[in-house]
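Q: Below is my_file-v2.txt; it holds compact mmCIF, all heavy atoms.
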```
# COMPACT_ATOMS: atom_id res chain seq x y z
N MET W 1 -11.46 -1.26 -1.03
CA MET W 1 -10.98 0.10 -0.77
C MET W 1 -9.47 0.07 -0.57
O MET W 1 -8.97 -0.77 0.17
CB MET W 1 -11.61 0.63 0.50
CG MET W 1 -12.94 1.23 0.38
SD MET W 1 -13.25 2.06 1.95
CE MET W 1 -14.80 2.71 1.67
N ASN W 2 -8.82 0.99 -1.17
CA ASN W 2 -7.38 1.06 -0.95
C ASN W 2 -7.07 2.05 0.18
O ASN W 2 -7.97 2.71 0.71
CB ASN W 2 -6.65 1.43 -2.24
CG ASN W 2 -7.08 2.78 -2.78
OD1 ASN W 2 -7.70 3.57 -2.08
ND2 ASN W 2 -6.73 3.04 -4.01
N THR W 3 -5.84 2.13 0.55
CA THR W 3 -5.45 2.95 1.70
C THR W 3 -5.66 4.44 1.47
O THR W 3 -5.94 5.18 2.40
CB THR W 3 -4.00 2.67 2.10
OG1 THR W 3 -3.17 2.88 0.97
CG2 THR W 3 -3.83 1.26 2.60
N VAL W 4 -5.54 4.87 0.22
CA VAL W 4 -5.75 6.30 -0.07
C VAL W 4 -7.20 6.68 0.18
O VAL W 4 -7.51 7.72 0.78
CB VAL W 4 -5.33 6.62 -1.52
CG1 VAL W 4 -5.69 8.04 -1.88
CG2 VAL W 4 -3.85 6.37 -1.71
N THR W 5 -8.12 5.83 -0.24
CA THR W 5 -9.54 6.08 -0.03
C THR W 5 -9.89 6.08 1.46
O THR W 5 -10.64 6.94 1.93
CB THR W 5 -10.39 5.03 -0.76
OG1 THR W 5 -10.00 5.00 -2.12
CG2 THR W 5 -11.86 5.34 -0.66
N ILE W 6 -9.34 5.14 2.18
CA ILE W 6 -9.59 5.08 3.62
C ILE W 6 -9.02 6.32 4.31
O ILE W 6 -9.64 6.90 5.20
CB ILE W 6 -9.01 3.79 4.21
CG1 ILE W 6 -9.77 2.59 3.65
CG2 ILE W 6 -9.07 3.80 5.73
CD1 ILE W 6 -9.16 1.26 3.99
N GLY W 7 -7.83 6.74 3.90
CA GLY W 7 -7.24 7.95 4.46
C GLY W 7 -8.06 9.19 4.16
O GLY W 7 -8.19 10.08 5.00
N LEU W 8 -8.62 9.25 2.95
CA LEU W 8 -9.48 10.37 2.58
C LEU W 8 -10.72 10.41 3.47
O LEU W 8 -11.08 11.47 4.00
CB LEU W 8 -9.89 10.25 1.11
CG LEU W 8 -10.92 11.26 0.61
CD1 LEU W 8 -10.34 12.66 0.66
CD2 LEU W 8 -11.36 10.90 -0.78
N PHE W 9 -11.38 9.28 3.66
CA PHE W 9 -12.55 9.23 4.52
C PHE W 9 -12.21 9.57 5.96
O PHE W 9 -12.96 10.27 6.65
CB PHE W 9 -13.23 7.87 4.45
CG PHE W 9 -14.02 7.67 3.19
CD1 PHE W 9 -13.92 6.49 2.49
CD2 PHE W 9 -14.86 8.65 2.70
CE1 PHE W 9 -14.63 6.29 1.33
CE2 PHE W 9 -15.57 8.47 1.54
CZ PHE W 9 -15.46 7.28 0.85
N ALA W 10 -11.07 9.09 6.44
CA ALA W 10 -10.66 9.41 7.81
C ALA W 10 -10.43 10.90 7.97
O ALA W 10 -10.84 11.50 8.98
CB ALA W 10 -9.39 8.63 8.17
N GLY W 11 -9.80 11.52 7.00
CA GLY W 11 -9.57 12.96 7.06
C GLY W 11 -10.86 13.75 7.02
O GLY W 11 -11.02 14.74 7.75
N LEU W 12 -11.79 13.32 6.19
CA LEU W 12 -13.08 13.99 6.14
C LEU W 12 -13.84 13.86 7.46
O LEU W 12 -14.44 14.83 7.95
CB LEU W 12 -13.92 13.43 4.99
CG LEU W 12 -13.45 13.79 3.59
CD1 LEU W 12 -14.23 13.01 2.55
CD2 LEU W 12 -13.57 15.28 3.35
N LEU W 13 -13.82 12.68 8.05
CA LEU W 13 -14.51 12.48 9.33
C LEU W 13 -13.86 13.30 10.44
O LEU W 13 -14.56 13.85 11.31
CB LEU W 13 -14.52 11.00 9.69
CG LEU W 13 -15.46 10.14 8.86
CD1 LEU W 13 -15.29 8.67 9.21
CD2 LEU W 13 -16.89 10.57 9.04
N LEU W 14 -12.54 13.41 10.43
CA LEU W 14 -11.88 14.23 11.44
C LEU W 14 -12.19 15.71 11.24
O LEU W 14 -12.32 16.47 12.20
CB LEU W 14 -10.36 14.00 11.40
CG LEU W 14 -9.91 12.65 11.94
CD1 LEU W 14 -8.41 12.48 11.74
CD2 LEU W 14 -10.27 12.48 13.40
N GLY W 15 -12.33 16.12 9.99
CA GLY W 15 -12.73 17.50 9.71
C GLY W 15 -14.13 17.79 10.23
O GLY W 15 -14.39 18.86 10.80
N VAL W 16 -15.04 16.86 10.05
CA VAL W 16 -16.41 17.02 10.58
C VAL W 16 -16.38 17.06 12.10
O VAL W 16 -17.08 17.87 12.72
CB VAL W 16 -17.31 15.89 10.06
CG1 VAL W 16 -18.65 15.88 10.78
CG2 VAL W 16 -17.52 16.04 8.57
N ALA W 17 -15.58 16.21 12.72
CA ALA W 17 -15.48 16.20 14.18
C ALA W 17 -14.92 17.52 14.69
O ALA W 17 -15.39 18.04 15.71
CB ALA W 17 -14.61 15.05 14.64
N ALA W 18 -13.95 18.08 13.99
CA ALA W 18 -13.37 19.36 14.42
C ALA W 18 -14.38 20.48 14.26
O ALA W 18 -14.47 21.37 15.11
CB ALA W 18 -12.11 19.65 13.60
N ALA W 19 -15.17 20.44 13.18
CA ALA W 19 -16.16 21.49 12.96
C ALA W 19 -17.30 21.39 13.96
O ALA W 19 -17.82 22.41 14.44
CB ALA W 19 -16.69 21.40 11.53
N ALA W 20 -17.71 20.19 14.29
CA ALA W 20 -18.86 20.00 15.16
C ALA W 20 -18.49 20.10 16.64
O ALA W 20 -19.26 20.63 17.43
CB ALA W 20 -19.50 18.64 14.89
N GLY W 21 -17.33 19.59 17.01
CA GLY W 21 -17.00 19.50 18.42
C GLY W 21 -15.88 20.42 18.86
O GLY W 21 -15.47 20.37 20.01
N GLY W 22 -15.36 21.22 17.97
CA GLY W 22 -14.25 22.09 18.35
C GLY W 22 -12.98 21.31 18.54
O GLY W 22 -12.82 20.19 18.05
N PHE W 23 -12.06 21.89 19.28
CA PHE W 23 -10.75 21.27 19.47
C PHE W 23 -10.84 19.94 20.21
O PHE W 23 -10.23 18.96 19.82
CB PHE W 23 -9.82 22.23 20.23
CG PHE W 23 -8.48 21.62 20.55
CD1 PHE W 23 -7.55 21.45 19.55
CD2 PHE W 23 -8.17 21.20 21.83
CE1 PHE W 23 -6.31 20.88 19.82
CE2 PHE W 23 -6.94 20.64 22.12
CZ PHE W 23 -6.01 20.48 21.11
N TRP W 24 -11.61 19.89 21.29
CA TRP W 24 -11.69 18.67 22.08
C TRP W 24 -12.43 17.56 21.36
O TRP W 24 -12.11 16.38 21.51
CB TRP W 24 -12.30 18.94 23.45
CG TRP W 24 -11.36 19.76 24.28
CD1 TRP W 24 -11.54 21.03 24.69
CD2 TRP W 24 -10.07 19.36 24.75
NE1 TRP W 24 -10.44 21.45 25.38
CE2 TRP W 24 -9.52 20.45 25.44
CE3 TRP W 24 -9.31 18.20 24.66
CZ2 TRP W 24 -8.27 20.41 26.04
CZ3 TRP W 24 -8.06 18.16 25.25
CH2 TRP W 24 -7.56 19.25 25.92
N GLY W 25 -13.40 17.92 20.53
CA GLY W 25 -14.05 16.92 19.69
C GLY W 25 -13.07 16.32 18.70
O GLY W 25 -13.09 15.11 18.43
N PHE W 26 -12.19 17.16 18.17
CA PHE W 26 -11.15 16.69 17.26
C PHE W 26 -10.18 15.75 17.98
O PHE W 26 -9.83 14.70 17.46
CB PHE W 26 -10.40 17.89 16.69
CG PHE W 26 -9.26 17.52 15.79
CD1 PHE W 26 -9.50 17.04 14.51
CD2 PHE W 26 -7.95 17.64 16.21
CE1 PHE W 26 -8.45 16.70 13.67
CE2 PHE W 26 -6.90 17.30 15.38
CZ PHE W 26 -7.16 16.83 14.10
N VAL W 27 -9.78 16.11 19.19
CA VAL W 27 -8.84 15.28 19.95
C VAL W 27 -9.45 13.93 20.26
O VAL W 27 -8.81 12.88 20.11
CB VAL W 27 -8.39 16.01 21.24
CG1 VAL W 27 -7.62 15.09 22.16
CG2 VAL W 27 -7.56 17.23 20.89
N VAL W 28 -10.71 13.92 20.69
CA VAL W 28 -11.39 12.67 20.99
C VAL W 28 -11.51 11.81 19.73
O VAL W 28 -11.30 10.60 19.77
CB VAL W 28 -12.77 12.94 21.63
CG1 VAL W 28 -13.61 11.68 21.70
CG2 VAL W 28 -12.61 13.53 23.01
N ALA W 29 -11.84 12.43 18.60
CA ALA W 29 -11.95 11.69 17.35
C ALA W 29 -10.62 11.07 16.94
O ALA W 29 -10.57 9.92 16.47
CB ALA W 29 -12.47 12.61 16.24
N VAL W 30 -9.53 11.80 17.12
CA VAL W 30 -8.21 11.26 16.79
C VAL W 30 -7.86 10.09 17.70
O VAL W 30 -7.37 9.05 17.24
CB VAL W 30 -7.12 12.36 16.87
CG1 VAL W 30 -5.74 11.77 16.80
CG2 VAL W 30 -7.32 13.38 15.76
N LEU W 31 -8.11 10.22 19.00
CA LEU W 31 -7.81 9.14 19.93
C LEU W 31 -8.64 7.89 19.64
O LEU W 31 -8.12 6.77 19.68
CB LEU W 31 -8.02 9.61 21.37
CG LEU W 31 -7.03 10.66 21.87
CD1 LEU W 31 -7.39 11.10 23.28
CD2 LEU W 31 -5.61 10.13 21.83
N LEU W 32 -9.92 8.08 19.36
CA LEU W 32 -10.75 6.93 19.02
C LEU W 32 -10.33 6.31 17.69
O LEU W 32 -10.38 5.09 17.52
CB LEU W 32 -12.23 7.34 18.97
CG LEU W 32 -12.86 7.67 20.32
CD1 LEU W 32 -14.27 8.17 20.14
CD2 LEU W 32 -12.82 6.48 21.25
N GLY W 33 -9.90 7.13 16.75
CA GLY W 33 -9.40 6.61 15.48
C GLY W 33 -8.14 5.78 15.66
O GLY W 33 -7.98 4.72 15.05
N LEU W 34 -7.25 6.24 16.52
CA LEU W 34 -6.03 5.48 16.79
C LEU W 34 -6.35 4.16 17.49
O LEU W 34 -5.74 3.12 17.18
CB LEU W 34 -5.07 6.31 17.64
CG LEU W 34 -4.40 7.48 16.93
CD1 LEU W 34 -3.59 8.31 17.92
CD2 LEU W 34 -3.53 6.99 15.80
N ALA W 35 -7.29 4.19 18.42
CA ALA W 35 -7.69 2.96 19.10
C ALA W 35 -8.32 1.98 18.11
O ALA W 35 -8.03 0.78 18.13
CB ALA W 35 -8.66 3.27 20.23
N GLY W 36 -9.16 2.49 17.22
CA GLY W 36 -9.77 1.63 16.20
C GLY W 36 -8.75 1.05 15.25
O GLY W 36 -8.83 -0.12 14.85
N ALA W 37 -7.76 1.85 14.88
CA ALA W 37 -6.71 1.36 13.99
C ALA W 37 -5.88 0.28 14.68
O ALA W 37 -5.49 -0.71 14.04
CB ALA W 37 -5.81 2.52 13.56
N ALA W 38 -5.63 0.44 15.97
CA ALA W 38 -4.87 -0.57 16.71
C ALA W 38 -5.65 -1.88 16.79
O ALA W 38 -5.08 -2.96 16.60
CB ALA W 38 -4.53 -0.06 18.11
N VAL W 39 -6.94 -1.79 17.06
CA VAL W 39 -7.76 -3.00 17.14
C VAL W 39 -7.85 -3.68 15.77
O VAL W 39 -7.70 -4.89 15.66
CB VAL W 39 -9.17 -2.67 17.68
CG1 VAL W 39 -10.12 -3.83 17.52
CG2 VAL W 39 -9.09 -2.25 19.13
N ALA W 40 -8.07 -2.90 14.73
CA ALA W 40 -8.15 -3.46 13.38
C ALA W 40 -6.83 -4.09 12.95
O ALA W 40 -6.80 -5.15 12.33
CB ALA W 40 -8.56 -2.38 12.38
N GLY W 41 -5.73 -3.45 13.29
CA GLY W 41 -4.42 -4.01 12.97
C GLY W 41 -4.15 -5.30 13.71
O GLY W 41 -3.56 -6.24 13.16
N GLN W 42 -4.59 -5.38 14.96
CA GLN W 42 -4.41 -6.60 15.75
C GLN W 42 -5.26 -7.73 15.17
O GLN W 42 -4.77 -8.85 15.03
CB GLN W 42 -4.80 -6.34 17.21
CG GLN W 42 -4.69 -7.55 18.10
CD GLN W 42 -3.27 -8.00 18.35
OE1 GLN W 42 -2.35 -7.21 18.32
NE2 GLN W 42 -3.09 -9.27 18.59
N VAL W 43 -6.50 -7.44 14.82
CA VAL W 43 -7.40 -8.46 14.29
C VAL W 43 -6.91 -8.97 12.93
O VAL W 43 -6.95 -10.17 12.66
CB VAL W 43 -8.84 -7.92 14.19
CG1 VAL W 43 -9.74 -8.84 13.40
CG2 VAL W 43 -9.41 -7.68 15.58
N SER W 44 -6.43 -8.06 12.08
CA SER W 44 -5.99 -8.47 10.76
C SER W 44 -4.59 -9.10 10.77
O SER W 44 -4.18 -9.68 9.79
CB SER W 44 -5.99 -7.28 9.81
OG SER W 44 -4.98 -6.36 10.16
N GLY W 45 -3.87 -8.97 11.87
CA GLY W 45 -2.54 -9.56 11.97
C GLY W 45 -1.43 -8.66 11.47
O GLY W 45 -0.29 -9.08 11.39
N GLU W 46 -1.74 -7.42 11.12
CA GLU W 46 -0.72 -6.50 10.62
C GLU W 46 0.05 -5.81 11.74
O GLU W 46 1.11 -5.25 11.50
CB GLU W 46 -1.37 -5.44 9.73
CG GLU W 46 -1.98 -6.00 8.47
CD GLU W 46 -2.66 -4.94 7.63
OE1 GLU W 46 -2.46 -3.74 7.92
OE2 GLU W 46 -3.37 -5.30 6.70
N LEU W 47 -0.51 -5.82 12.94
CA LEU W 47 0.09 -5.12 14.06
C LEU W 47 0.05 -6.03 15.27
O LEU W 47 -0.95 -6.69 15.53
CB LEU W 47 -0.71 -3.84 14.35
CG LEU W 47 -0.28 -2.98 15.51
CD1 LEU W 47 1.09 -2.37 15.25
CD2 LEU W 47 -1.30 -1.88 15.74
N ASP W 48 1.15 -6.08 16.01
CA ASP W 48 1.20 -6.88 17.23
C ASP W 48 1.15 -5.95 18.43
O ASP W 48 2.17 -5.43 18.88
CB ASP W 48 2.47 -7.73 17.25
CG ASP W 48 2.49 -8.72 18.40
OD1 ASP W 48 1.43 -8.94 19.02
OD2 ASP W 48 3.57 -9.27 18.68
N VAL W 49 -0.05 -5.72 18.93
CA VAL W 49 -0.24 -4.80 20.05
C VAL W 49 0.35 -5.35 21.33
O VAL W 49 0.85 -4.61 22.17
CB VAL W 49 -1.75 -4.49 20.22
CG1 VAL W 49 -1.99 -3.60 21.42
CG2 VAL W 49 -2.30 -3.83 18.97
N THR W 50 0.35 -6.67 21.48
CA THR W 50 0.88 -7.26 22.71
C THR W 50 2.37 -6.97 22.87
O THR W 50 2.85 -6.83 23.99
CB THR W 50 0.63 -8.78 22.74
OG1 THR W 50 1.23 -9.37 21.59
CG2 THR W 50 -0.86 -9.08 22.76
N ALA W 51 3.10 -6.89 21.78
CA ALA W 51 4.53 -6.58 21.86
C ALA W 51 4.74 -5.16 22.37
O ALA W 51 5.68 -4.89 23.10
CB ALA W 51 5.20 -6.76 20.50
N VAL W 52 3.86 -4.25 21.97
CA VAL W 52 3.98 -2.86 22.42
C VAL W 52 3.61 -2.75 23.90
O VAL W 52 4.28 -2.07 24.67
CB VAL W 52 3.07 -1.95 21.56
CG1 VAL W 52 3.07 -0.54 22.09
CG2 VAL W 52 3.52 -1.98 20.12
N LEU W 53 2.54 -3.44 24.30
CA LEU W 53 2.08 -3.34 25.68
C LEU W 53 2.99 -4.08 26.65
O LEU W 53 3.06 -3.72 27.82
CB LEU W 53 0.65 -3.89 25.79
CG LEU W 53 -0.41 -3.10 25.02
CD1 LEU W 53 -1.76 -3.79 25.15
CD2 LEU W 53 -0.49 -1.68 25.52
N ARG W 54 3.65 -5.12 26.18
CA ARG W 54 4.52 -5.92 27.05
C ARG W 54 5.78 -5.15 27.45
O ARG W 54 6.28 -5.29 28.55
CB ARG W 54 4.89 -7.20 26.31
CG ARG W 54 5.67 -8.17 27.12
CD ARG W 54 5.92 -9.42 26.36
NE ARG W 54 5.62 -9.18 24.95
CZ ARG W 54 5.59 -10.10 24.02
NH1 ARG W 54 5.87 -11.32 24.33
NH2 ARG W 54 5.33 -9.81 22.76
N GLY W 55 6.29 -4.33 26.56
CA GLY W 55 7.51 -3.57 26.86
C GLY W 55 8.75 -4.38 26.58
O GLY W 55 8.74 -5.41 25.91
N ARG W 56 9.84 -3.92 27.17
CA ARG W 56 11.12 -4.62 26.97
C ARG W 56 11.30 -5.71 28.00
O ARG W 56 10.89 -5.58 29.14
CB ARG W 56 12.27 -3.64 27.11
CG ARG W 56 12.30 -2.59 26.06
CD ARG W 56 13.50 -1.71 26.27
NE ARG W 56 13.50 -0.63 25.32
CZ ARG W 56 14.45 0.25 25.24
NH1 ARG W 56 15.47 0.21 26.08
NH2 ARG W 56 14.38 1.22 24.36
N ASN W 57 11.96 -6.78 27.57
CA ASN W 57 12.35 -7.82 28.53
C ASN W 57 13.64 -7.39 29.20
O ASN W 57 14.63 -7.15 28.55
CB ASN W 57 12.59 -9.15 27.81
CG ASN W 57 11.34 -9.98 27.71
OD1 ASN W 57 10.40 -9.77 28.50
ND2 ASN W 57 11.32 -10.89 26.78
N ARG W 58 13.60 -7.30 30.49
CA ARG W 58 14.81 -6.94 31.22
C ARG W 58 15.32 -8.17 31.91
O ARG W 58 14.81 -8.59 32.94
CB ARG W 58 14.51 -5.83 32.22
CG ARG W 58 14.10 -4.56 31.53
CD ARG W 58 13.92 -3.46 32.49
NE ARG W 58 13.52 -2.26 31.76
CZ ARG W 58 12.91 -1.25 32.28
NH1 ARG W 58 12.60 -1.26 33.56
NH2 ARG W 58 12.58 -0.20 31.55
N GLU W 59 16.32 -8.75 31.31
CA GLU W 59 16.87 -9.98 31.86
C GLU W 59 18.17 -9.75 32.54
O GLU W 59 18.92 -8.89 32.27
CB GLU W 59 17.05 -11.01 30.75
CG GLU W 59 15.74 -11.41 30.16
CD GLU W 59 15.93 -12.39 29.01
OE1 GLU W 59 17.05 -12.87 28.79
OE2 GLU W 59 14.95 -12.68 28.35
```
Could I get this structure in the form of structure tokens?

A:
Amino acid sequence: MNTVTIGLFAGLLLGVAAAAGGFWGFVVAVLLGLAGAAVAGQVSGELDVTAVLRGRNRE
């Protein structure tokens, strides 16, 4: 699957969440999608979540 196909499926799923759960269902779906993307990026090595969570080094 390429990124366009994955983006299409993500958009369709968010549309279903908005239709079924209203605004708050949509918000929860977006937050869970972002969390899933962060975990998948960390596992695949494309994203370094620890650098974001660690913050800046203040020396």

Q: I'd like the interatomic distance between atom O of Gly15 (chain W) and atom O of Val30 (chain W), to a tenth of an Å.

A: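 Between these atoms lies a distance of 13.7 Å.
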
Q: I'd like the interatomic distance between atom C of Phe9 (chain W) and atom O of Ala51 (chain W), to a tenth of an Å.

A: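 Taking atom C of Phe9 (chain W) as the start and atom O of Ala51 (chain W) as the end point, the length is 28.7 Å.
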
Q: Between CA of Gln42 (chain W) and CA of Phe26 (chain W), what is the distance in Å, rounded to a tenth?

A: 24.3 Å

Q: May I ask which of the residues W:Leu34, W:Val43, W:Ala29, W:Leu53 is the closest one to Leu14 (chain W), counting all atoms listed in the file?

A: W:Ala29

Q: Once you add 4 Å to each side, what are the centre and edge lengths of the axis-aligned box holding all listed atoms of region 35-50 of chain W? One decimal in Å, as AutoDock Vina command-line options, if you can.

A:
```
--center_x -3.3 --center_y -3.0 --center_z 15.3 --size_x 21.7 --size_y 22.4 --size_z 25.3
```

Q: List every residue of chain W that DSSP, applied to the backbone, labels as helix (DSSP H, G or I), and write the result as a PyMOL selection string.

A: chain W and resi 3-44+49-54
